[in-house]
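Source file: run_16.cif; contents: mmCIF, C-alpha atoms, pLDDT in the B column; chains and numbers go by the auth columns.
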data_run
#
loop_
_atom_site.group_PDB
_atom_site.id
_atom_site.type_symbol
_atom_site.label_atom_id
_atom_site.label_comp_id
_atom_site.label_asym_id
_atom_site.label_seq_id
_atom_site.Cartn_x
_atom_site.Cartn_y
_atom_site.Cartn_z
_atom_site.B_iso_or_equiv
_atom_site.auth_seq_id
_atom_site.auth_asym_id
ATOM 1 C CA MET A 1 5.384 -5.014 -8.367 42.00 280 O
ATOM 2 C CA ALA A 2 3.358 -1.978 -7.612 51.00 281 O
ATOM 3 C CA ASP A 3 -0.358 -2.314 -6.904 52.00 282 O
ATOM 4 C CA ARG A 4 -2.209 0.944 -7.202 48.00 283 O
ATOM 5 C CA TYR A 5 -5.727 0.398 -5.931 46.00 284 O
ATOM 6 C CA ILE A 6 -7.430 3.140 -7.936 44.00 285 O
ATOM 7 C CA PRO A 7 -9.691 3.060 -10.965 44.00 286 O
ATOM 8 C CA SER A 8 -8.112 3.451 -14.371 45.00 287 O
ATOM 9 C CA SER A 9 -9.299 3.818 -17.909 41.00 288 O
ATOM 10 C CA LEU A 10 -7.813 0.438 -18.750 44.00 289 O
ATOM 11 C CA GLN A 11 -10.804 -1.814 -18.970 54.00 290 O
ATOM 12 C CA GLY A 12 -9.994 -5.491 -18.969 64.00 291 O
ATOM 13 C CA ALA A 13 -12.007 -8.657 -18.993 77.00 292 O
ATOM 14 C CA PRO A 14 -10.966 -11.011 -16.191 85.00 293 O
ATOM 15 C CA PRO A 15 -9.754 -14.456 -17.253 84.00 294 O
ATOM 16 C CA GLU A 16 -12.269 -17.244 -17.436 80.00 295 O
ATOM 17 C CA GLY A 17 -13.131 -18.583 -14.006 90.00 296 O
ATOM 18 C CA LEU A 18 -11.753 -15.670 -11.984 94.00 297 O
ATOM 19 C CA THR A 19 -15.057 -13.818 -11.902 95.00 298 O
ATOM 20 C CA ALA A 20 -16.958 -16.872 -10.675 95.00 299 O
ATOM 21 C CA ARG A 21 -14.437 -17.634 -7.921 96.00 300 O
ATOM 22 C CA VAL A 22 -14.436 -14.036 -6.675 97.00 301 O
ATOM 23 C CA GLU A 23 -18.223 -13.691 -6.737 96.00 302 O
ATOM 24 C CA GLU A 24 -18.663 -17.001 -4.954 96.00 303 O
ATOM 25 C CA ALA A 25 -16.213 -16.005 -2.220 97.00 304 O
ATOM 26 C CA LEU A 26 -17.874 -12.635 -1.707 97.00 305 O
ATOM 27 C CA GLY A 27 -21.447 -13.847 -2.140 96.00 306 O
ATOM 28 C CA ARG A 28 -21.957 -10.852 -4.444 95.00 307 O
ATOM 29 C CA ARG A 29 -22.135 -10.130 -8.153 96.00 308 O
ATOM 30 C CA SER A 30 -19.618 -7.860 -9.849 95.00 309 O
ATOM 31 C CA SER A 31 -20.571 -5.121 -12.280 94.00 310 O
ATOM 32 C CA ALA A 32 -17.224 -3.874 -13.646 94.00 311 O
ATOM 33 C CA TRP A 33 -13.583 -4.956 -13.763 94.00 312 O
ATOM 34 C CA SER A 34 -10.701 -2.575 -14.561 92.00 313 O
ATOM 35 C CA LYS A 35 -6.943 -2.879 -14.481 87.00 314 O
ATOM 36 C CA PRO A 36 -4.894 -0.680 -12.125 79.00 315 O
ATOM 37 C CA SER A 37 -3.015 2.197 -13.667 70.00 316 O
ATOM 38 C CA THR A 38 0.428 1.043 -12.497 64.00 317 O
ATOM 39 C CA GLY A 39 2.164 -2.197 -11.687 61.00 318 O
ATOM 40 C CA LEU A 40 4.561 -4.730 -13.145 65.00 319 O
ATOM 41 C CA SER A 41 3.288 -7.914 -11.528 74.00 320 O
ATOM 42 C CA ALA A 42 2.676 -11.044 -13.570 81.00 321 O
ATOM 43 C CA ALA A 43 -0.315 -11.725 -11.319 89.00 322 O
ATOM 44 C CA HIS A 44 -3.880 -10.854 -12.292 92.00 323 O
ATOM 45 C CA ARG A 45 -4.782 -7.480 -10.746 93.00 324 O
ATOM 46 C CA PHE A 46 -8.197 -5.880 -10.990 94.00 325 O
ATOM 47 C CA LEU A 47 -10.223 -3.181 -9.333 94.00 326 O
ATOM 48 C CA VAL A 48 -13.685 -4.702 -9.121 96.00 327 O
ATOM 49 C CA GLU A 49 -16.929 -2.815 -8.664 96.00 328 O
ATOM 50 C CA LEU A 50 -19.618 -4.875 -6.973 96.00 329 O
ATOM 51 C CA ASP A 51 -23.350 -4.738 -7.537 95.00 330 O
ATOM 52 C CA ASP A 52 -23.826 -2.360 -4.576 94.00 331 O
ATOM 53 C CA GLN A 53 -21.272 0.063 -6.099 93.00 332 O
ATOM 54 C CA THR A 54 -18.577 -0.727 -3.527 95.00 333 O
ATOM 55 C CA ASN A 55 -15.113 -1.732 -4.708 96.00 334 O
ATOM 56 C CA VAL A 56 -12.542 -4.393 -3.891 97.00 335 O
ATOM 57 C CA PHE A 57 -9.071 -5.089 -5.232 96.00 336 O
ATOM 58 C CA VAL A 58 -8.441 -8.584 -6.597 97.00 337 O
ATOM 59 C CA LYS A 59 -5.013 -10.129 -7.054 96.00 338 O
ATOM 60 C CA GLY A 60 -4.738 -13.638 -8.445 96.00 339 O
ATOM 61 C CA ALA A 61 -1.674 -15.810 -8.966 96.00 340 O
ATOM 62 C CA THR A 62 -0.879 -16.941 -12.500 93.00 341 O
ATOM 63 C CA THR A 63 2.271 -19.042 -12.000 95.00 342 O
ATOM 64 C CA PRO A 64 3.880 -21.100 -9.229 95.00 343 O
ATOM 65 C CA GLN A 65 6.139 -18.119 -8.392 95.00 344 O
ATOM 66 C CA THR A 66 3.298 -15.608 -8.202 95.00 345 O
ATOM 67 C CA ALA A 67 1.458 -18.072 -5.964 97.00 346 O
ATOM 68 C CA VAL A 68 4.444 -18.050 -3.586 96.00 347 O
ATOM 69 C CA TRP A 69 4.514 -14.253 -3.659 96.00 348 O
ATOM 70 C CA LEU A 70 0.785 -13.992 -3.013 97.00 349 O
ATOM 71 C CA ARG A 71 0.876 -16.341 -0.016 97.00 350 O
ATOM 72 C CA ASN A 72 3.820 -14.359 1.323 97.00 351 O
ATOM 73 C CA GLU A 73 1.869 -11.137 0.826 97.00 352 O
ATOM 74 C CA ARG A 74 -1.064 -12.476 2.808 97.00 353 O
ATOM 75 C CA GLU A 75 1.208 -13.381 5.735 97.00 354 O
ATOM 76 C CA ALA A 76 2.524 -9.822 5.781 97.00 355 O
ATOM 77 C CA LEU A 77 -0.911 -8.192 5.515 97.00 356 O
ATOM 78 C CA ALA A 78 -2.134 -10.089 8.542 96.00 357 O
ATOM 79 C CA ALA A 79 0.894 -9.060 10.598 96.00 358 O
ATOM 80 C CA ALA A 80 0.804 -5.341 9.808 96.00 359 O
ATOM 81 C CA PRO A 81 -2.902 -4.391 9.768 95.00 360 O
ATOM 82 C CA ALA A 82 -2.261 -0.734 10.608 96.00 361 O
ATOM 83 C CA PHE A 83 -0.218 -0.270 7.442 98.00 362 O
ATOM 84 C CA ALA A 84 -1.893 -2.667 5.010 97.00 363 O
ATOM 85 C CA PRO A 85 -5.195 -2.866 3.157 97.00 364 O
ATOM 86 C CA LYS A 86 -7.785 -4.964 4.939 97.00 365 O
ATOM 87 C CA GLU A 87 -8.250 -8.509 3.698 98.00 366 O
ATOM 88 C CA ILE A 88 -11.771 -9.155 2.434 97.00 367 O
ATOM 89 C CA ALA A 89 -11.380 -12.760 1.283 98.00 368 O
ATOM 90 C CA TRP A 90 -8.724 -15.367 0.604 98.00 369 O
ATOM 91 C CA ILE A 91 -9.241 -18.187 -1.907 97.00 370 O
ATOM 92 C CA ASP A 92 -6.682 -20.970 -1.815 97.00 371 O
ATOM 93 C CA ASP A 93 -7.305 -24.496 -3.073 93.00 372 O
ATOM 94 C CA GLY A 94 -3.675 -25.482 -2.576 92.00 373 O
ATOM 95 C CA ASP A 95 -2.833 -25.048 -6.252 93.00 374 O
ATOM 96 C CA ASP A 96 -0.940 -22.342 -8.127 93.00 375 O
ATOM 97 C CA ALA A 97 -3.945 -20.034 -8.382 94.00 376 O
ATOM 98 C CA PRO A 98 -4.742 -18.492 -4.980 97.00 377 O
ATOM 99 C CA ILE A 99 -6.666 -15.222 -4.993 97.00 378 O
ATOM 100 C CA LEU A 100 -6.361 -12.364 -2.519 98.00 379 O
ATOM 101 C CA ILE A 101 -9.214 -9.865 -2.201 98.00 380 O
ATOM 102 C CA VAL A 102 -8.593 -6.699 -0.199 98.00 381 O
ATOM 103 C CA GLU A 103 -10.218 -3.346 0.339 97.00 382 O
ATOM 104 C CA ALA A 104 -9.900 -0.942 -2.557 95.00 383 O
ATOM 105 C CA LEU A 105 -8.328 2.231 -1.215 95.00 384 O
ATOM 106 C CA VAL A 106 -10.103 4.406 -3.750 93.00 385 O
ATOM 107 C CA ASP A 107 -10.680 7.247 -1.288 94.00 386 O
ATOM 108 C CA ALA A 108 -7.045 7.445 -0.206 96.00 387 O
ATOM 109 C CA TYR A 109 -4.549 9.994 -1.540 96.00 388 O
ATOM 110 C CA TRP A 110 -2.017 8.423 -3.917 94.00 389 O
ATOM 111 C CA PRO A 111 1.078 10.624 -4.371 95.00 390 O
ATOM 112 C CA VAL A 112 1.854 9.001 -7.714 91.00 391 O
ATOM 113 C CA GLN A 113 -0.432 10.724 -10.184 80.00 392 O
ATOM 114 C CA GLY A 114 -0.668 10.662 -13.942 72.00 393 O
ATOM 115 C CA ALA A 115 1.329 13.887 -14.132 74.00 394 O
ATOM 116 C CA GLY A 116 4.038 12.691 -11.751 85.00 395 O
ATOM 117 C CA THR A 117 4.562 12.270 -8.032 92.00 396 O
ATOM 118 C CA GLN A 118 2.903 14.911 -5.868 93.00 397 O
ATOM 119 C CA TRP A 119 3.669 14.892 -2.142 96.00 398 O
ATOM 120 C CA ARG A 120 1.581 17.320 -0.092 96.00 399 O
ATOM 121 C CA PRO A 121 3.022 19.218 2.881 97.00 400 O
ATOM 122 C CA GLY A 122 3.496 16.784 5.761 97.00 401 O
ATOM 123 C CA ASP A 123 3.057 13.604 3.676 98.00 402 O
ATOM 124 C CA LEU A 124 6.711 12.580 3.698 97.00 403 O
ATOM 125 C CA GLU A 125 6.991 13.067 7.448 98.00 404 O
ATOM 126 C CA ARG A 126 4.023 10.733 7.904 98.00 405 O
ATOM 127 C CA VAL A 127 5.582 8.154 5.594 98.00 406 O
ATOM 128 C CA PHE A 128 8.953 8.268 7.362 98.00 407 O
ATOM 129 C CA SER A 129 7.196 7.799 10.703 98.00 408 O
ATOM 130 C CA ALA A 130 5.178 4.851 9.392 98.00 409 O
ATOM 131 C CA ILE A 131 8.282 3.176 7.956 98.00 410 O
ATOM 132 C CA LYS A 132 9.996 3.503 11.332 97.00 411 O
ATOM 133 C CA VAL A 133 7.054 1.981 13.215 98.00 412 O
ATOM 134 C CA LEU A 134 6.800 -0.875 10.694 98.00 413 O
ATOM 135 C CA SER A 135 10.498 -1.672 11.116 97.00 414 O
ATOM 136 C CA GLU A 136 9.921 -2.070 14.866 96.00 415 O
ATOM 137 C CA LEU A 137 7.084 -4.594 14.514 96.00 416 O
ATOM 138 C CA LYS A 138 7.806 -8.258 15.054 95.00 417 O
ATOM 139 C CA PRO A 139 7.685 -9.951 11.641 96.00 418 O
ATOM 140 C CA PRO A 140 5.969 -13.313 11.111 94.00 419 O
ATOM 141 C CA VAL A 141 8.390 -16.217 11.263 94.00 420 O
ATOM 142 C CA ALA A 142 6.848 -17.438 8.005 94.00 421 O
ATOM 143 C CA LEU A 143 8.387 -14.534 6.105 96.00 422 O
ATOM 144 C CA PRO A 144 11.657 -15.392 4.359 95.00 423 O
ATOM 145 C CA ALA A 145 14.896 -14.150 5.874 95.00 424 O
ATOM 146 C CA ASP A 146 16.856 -11.641 3.811 90.00 425 O
ATOM 147 C CA ARG A 147 20.404 -12.446 2.789 82.00 426 O
ATOM 148 C CA ASN A 148 23.321 -10.512 1.439 75.00 427 O
ATOM 149 C CA GLN A 149 23.378 -10.291 -2.344 67.00 428 O
ATOM 150 C CA ARG A 150 26.116 -8.500 -4.217 54.00 429 O
ATOM 151 C CA ALA A 151 23.873 -8.602 -7.295 52.00 430 O
ATOM 152 C CA ARG A 152 21.858 -5.812 -5.678 65.00 431 O
ATOM 153 C CA ASN A 153 24.710 -3.360 -6.199 74.00 432 O
ATOM 154 C CA GLY A 154 23.086 -1.027 -8.699 86.00 433 O
ATOM 155 C CA TRP A 155 26.032 1.351 -8.663 91.00 434 O
ATOM 156 C CA THR A 156 28.307 -1.334 -10.107 90.00 435 O
ATOM 157 C CA THR A 157 25.780 -1.899 -12.874 91.00 436 O
ATOM 158 C CA ILE A 158 25.668 1.844 -13.595 95.00 437 O
ATOM 159 C CA LEU A 159 29.454 2.189 -13.661 95.00 438 O
ATOM 160 C CA ARG A 160 29.763 -0.656 -16.150 94.00 439 O
ATOM 161 C CA ALA A 161 27.401 1.064 -18.591 95.00 440 O
ATOM 162 C CA PRO A 162 26.735 4.645 -17.415 97.00 441 O
ATOM 163 C CA GLU A 163 25.177 6.051 -20.603 97.00 442 O
ATOM 164 C CA ALA A 164 21.518 5.459 -19.695 95.00 443 O
ATOM 165 C CA PHE A 165 21.991 6.788 -16.152 96.00 444 O
ATOM 166 C CA LEU A 166 23.827 9.887 -17.336 97.00 445 O
ATOM 167 C CA GLY A 167 21.046 10.421 -19.859 96.00 446 O
ATOM 168 C CA LEU A 168 18.697 11.158 -16.958 94.00 447 O
ATOM 169 C CA LYS A 169 20.832 14.262 -16.271 95.00 448 O
ATOM 170 C CA LEU A 170 20.770 13.683 -12.523 94.00 449 O
ATOM 171 C CA CYS A 171 24.517 14.253 -12.279 96.00 450 O
ATOM 172 C CA SER A 172 27.550 15.072 -14.388 97.00 451 O
ATOM 173 C CA VAL A 173 30.108 12.651 -15.766 97.00 452 O
ATOM 174 C CA HIS A 174 32.642 14.226 -13.391 98.00 453 O
ATOM 175 C CA TRP A 175 30.375 13.615 -10.380 98.00 454 O
ATOM 176 C CA LEU A 176 29.833 9.960 -11.314 98.00 455 O
ATOM 177 C CA ASP A 177 33.554 9.378 -11.925 97.00 456 O
ATOM 178 C CA ARG A 178 34.377 10.946 -8.561 97.00 457 O
ATOM 179 C CA HIS A 179 31.670 9.382 -6.358 97.00 458 O
ATOM 180 C CA GLY A 180 30.492 6.273 -8.206 96.00 459 O
ATOM 181 C CA PRO A 181 33.272 3.924 -7.009 95.00 460 O
ATOM 182 C CA ALA A 182 32.761 4.930 -3.369 95.00 461 O
ATOM 183 C CA LEU A 183 29.013 4.357 -3.652 93.00 462 O
ATOM 184 C CA SER A 184 29.595 0.973 -5.258 92.00 463 O
ATOM 185 C CA ASP A 185 32.024 -0.040 -2.507 90.00 464 O
ATOM 186 C CA ALA A 186 29.551 1.078 0.177 88.00 465 O
ATOM 187 C CA ALA A 187 26.712 -0.896 -1.427 85.00 466 O
ATOM 188 C CA ALA A 188 28.890 -4.013 -1.573 85.00 467 O
ATOM 189 C CA GLU A 189 29.480 -3.795 2.178 85.00 468 O
ATOM 190 C CA LEU A 190 25.805 -3.571 3.129 85.00 469 O
ATOM 191 C CA ASP A 191 24.418 -6.206 5.474 88.00 470 O
ATOM 192 C CA TRP A 192 20.815 -6.931 4.494 89.00 471 O
ATOM 193 C CA ARG A 193 20.287 -9.476 7.272 92.00 472 O
ATOM 194 C CA GLY A 194 18.298 -8.864 10.446 94.00 473 O
ATOM 195 C CA ASP A 195 15.060 -9.528 12.329 94.00 474 O
ATOM 196 C CA ALA A 196 13.110 -6.397 11.400 96.00 475 O
ATOM 197 C CA PHE A 197 9.820 -6.352 9.489 98.00 476 O
ATOM 198 C CA VAL A 198 10.694 -5.388 5.899 97.00 477 O
ATOM 199 C CA HIS A 199 8.089 -4.479 3.270 97.00 478 O
ATOM 200 C CA GLY A 200 10.700 -4.976 0.583 95.00 479 O
ATOM 201 C CA ASP A 201 9.307 -2.782 -2.198 94.00 480 O
ATOM 202 C CA MET A 202 9.018 0.603 -0.523 96.00 481 O
ATOM 203 C CA ARG A 203 8.448 3.019 -3.391 93.00 482 O
ATOM 204 C CA SER A 204 6.160 5.972 -3.966 94.00 483 O
ATOM 205 C CA ASP A 205 3.599 4.102 -6.063 92.00 484 O
ATOM 206 C CA ASN A 206 3.165 1.525 -3.303 94.00 485 O
ATOM 207 C CA ILE A 207 2.112 4.169 -0.779 96.00 486 O
ATOM 208 C CA CYS A 208 -1.146 5.996 -0.152 97.00 487 O
ATOM 209 C CA LEU A 209 -2.443 8.143 2.697 98.00 488 O
ATOM 210 C CA THR A 210 -5.833 8.213 4.352 96.00 489 O
ATOM 211 C CA GLY A 211 -7.071 10.763 6.838 92.00 490 O
ATOM 212 C CA ASP A 212 -5.412 9.059 9.791 91.00 491 O
ATOM 213 C CA SER A 213 -3.001 6.456 8.427 96.00 492 O
ATOM 214 C CA VAL A 214 -0.361 5.540 5.869 98.00 493 O
ATOM 215 C CA LYS A 215 -1.007 2.415 3.826 98.00 494 O
ATOM 216 C CA PHE A 216 1.574 0.346 1.986 97.00 495 O
ATOM 217 C CA VAL A 217 0.487 -2.009 -0.801 96.00 496 O
ATOM 218 C CA ASP A 218 2.143 -4.851 -2.699 95.00 497 O
ATOM 219 C CA TRP A 219 3.720 -6.874 0.105 97.00 498 O
ATOM 220 C CA SER A 220 4.844 -9.714 -2.159 95.00 499 O
ATOM 221 C CA ASP A 221 8.504 -9.196 -1.249 95.00 500 O
ATOM 222 C CA ALA A 222 7.943 -8.801 2.504 97.00 501 O
ATOM 223 C CA ARG A 223 10.659 -10.436 4.589 97.00 502 O
ATOM 224 C CA ARG A 224 12.754 -10.366 7.740 96.00 503 O
ATOM 225 C CA GLY A 225 15.839 -8.235 7.326 95.00 504 O
ATOM 226 C CA ALA A 226 17.876 -5.187 8.282 95.00 505 O
ATOM 227 C CA LYS A 227 15.910 -2.498 10.094 95.00 506 O
ATOM 228 C CA ALA A 228 16.908 0.293 7.713 94.00 507 O
ATOM 229 C CA THR A 229 16.032 -1.591 4.512 93.00 508 O
ATOM 230 C CA ASP A 230 12.674 0.039 3.767 96.00 509 O
ATOM 231 C CA LEU A 231 13.931 3.511 4.594 95.00 510 O
ATOM 232 C CA ALA A 232 16.896 2.988 2.278 90.00 511 O
ATOM 233 C CA LEU A 233 14.697 1.628 -0.509 89.00 512 O
ATOM 234 C CA PHE A 234 12.292 4.550 -0.215 94.00 513 O
#
Do you think you could lay out the structure here as structure tokens?
Amino acid sequence: MADRYIPSSLQGAPPEGLTARVEEALGRRSSAWSKPSTGLSAAHRFLVELDDQTNVFVKGATTPQTAVWLRNEREALAAAPAFAPKEIAWIDDGDDAPILIVEALVDAYWPVQGAGTQWRPGDLERVFSAIKVLSELKPPVALPADRNQRARNGWTTILRAPEAFLGLKLCSVHWLDRHGPALSDAAAELDWRGDAFVHGDMRSDNICLTGDSVKFVDWSDARRGAKATDLALF
């Protein structure tokens, strides 16, 4: 569930009641709401311009499951402030509709652009370093513990129906026949368990860079797990 905190051309009216709750929490009026340019979350997600022309990012739960994810995300944000957007406000009435308001990283550099993913010289080294430091932080005990899941073995899924994967032209049929089984066996033997701080959705569109830091967004799947998980996912 990627959350790209940048303006987009996708204008969208917030659902009834969301505007009032956000404005009340901030003590400010809003002047414009727009949907982020990427993301697959079922939660409400809006870049909101306030009446003083500053921006915040609003994420609101829409179902019991998204409420669980959002509360989990807030736990992670608080525990990794150097790598996460700053919390501006938290609205939680104990129901299935909590709302998280964080800084809008509109001035950061987002490698995922409309024309593709553009890493500048030195960006990847900074990201690798940040992932390493994050994995060494002590995770909150409230985060769920990872467990081993054979269902995560994407190589088995590919080998069962390779047509779509081969259509990407990343490798030849011969290469997949030769190496696919070994990759599938290796994935099946992975141990996802551990006590490291895991972001859980470490992908290019969940990463941005400021002048002096690397920021990760969308911490809904944060957990305690194997130290190398985020590096492997990225």
Excluding same-chain residues fewer than 6 positions from range 450-465 of chain O, what lies within 8 Å of it counting all atoms listed in the file, as JSON, numbers by chain? {"O": [432, 433, 434, 435, 438]}
Option closest in space to Thr342 in chain O, from O:Ile370, O:Ala376, O:Ser316, O:Arg324 [counting only C-alpha atoms]: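 So, comparing all the options, the nearest one is O:Ala376.
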Hey, what comes out of the PyMOL selection byres ((chain O and resi 358) around 12) on this file? Could you write it as a list in words?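 Taken over the shown coordinates, the PyMOL selection byres ((chain O and resi 358) around 12) returns Asn351, Glu352, Arg353, Glu354, Ala355, Leu356, Ala357, Ala359, Pro360, Ala361, Phe362, Ala363, Pro364, Lys365, Glu366, Leu413, Leu416, Lys417, Pro418, Pro419, Val420, Ala421, Leu422, Phe476, Val477, His478, Trp498, Ala501 and Arg502 of chain O.
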What is the distance, in Å and to one decimal place, between CA of Val493 in chain O and CA of Phe513 in chain O? 14.1 Å
Name the closest residue to Leu297 in chain O among the candidates O:Asn334, O:Arg426, O:Leu349, O:Ile380; distances are taken between atoms, counting only C-alpha atoms.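 That would be O:Ile380, the residue with the smallest distance to Leu297 in chain O.
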Hey, which of O:Cys487, O:Asp331, O:Thr298, O:Asn427 ends up closest to Ala467 in chain O? Count all atoms listed in the file. O:Asn427
Residues selected by the PyMOL selection byres ((chain O and resi 402) around 12), written as an MDAnalysis selection string: chainID O and resid 388:390 396:401 403:409 483 486:494
In Å to one decimal, how far is CA of Asn485 in chain O from CA of Gly473 in chain O?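 Computing it gives 22.9 Å between the two atoms.
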Kindly give the distance, in Å, that separates CA of Thr436 in chain O and CA of Trp348 in chain O, rounded to a single decimal. 26.3 Å
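If you measure from each of O:Leu449, O:Val496, O:Leu384, O:Leu512 to Trp471 in chain O using only C-alpha atoms, the closest one turns out to be O:Leu512.
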Residue neighbourhood Ile367 in chain O, 9 Å, all atoms listed in the file, exclusion window fewer than 2 positions, as a PyMOL selection string: chain O and resi 305+335+365+369+379-382
In terms of all atoms listed in the file, the residue from O:Val412, O:Val391, O:Asp484, O:Lys314 at minimal distance from Ala507 in chain O is O:Val412
Polymer residues at most 9 Å from Pro293 in chain O, all atoms listed in the file, same-chain spacing of 2 or more positions, as a count of residues only: 10
Among the residues O:Lys411, O:Gly339, O:Glu468, O:Ala304, the one that comes closest to Asp509 in chain O [using all atoms listed in the file]: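 Smallest separation from Asp509 in chain O among the options: O:Lys411.
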Set the distance at 9 Å and use all atoms listed in the file: which residues neighbour Arg307 in chain O once local chain neighbours fewer than 6 positions away are removed? I'd like the list as a ChimeraX atom specification. /O:301,329-331
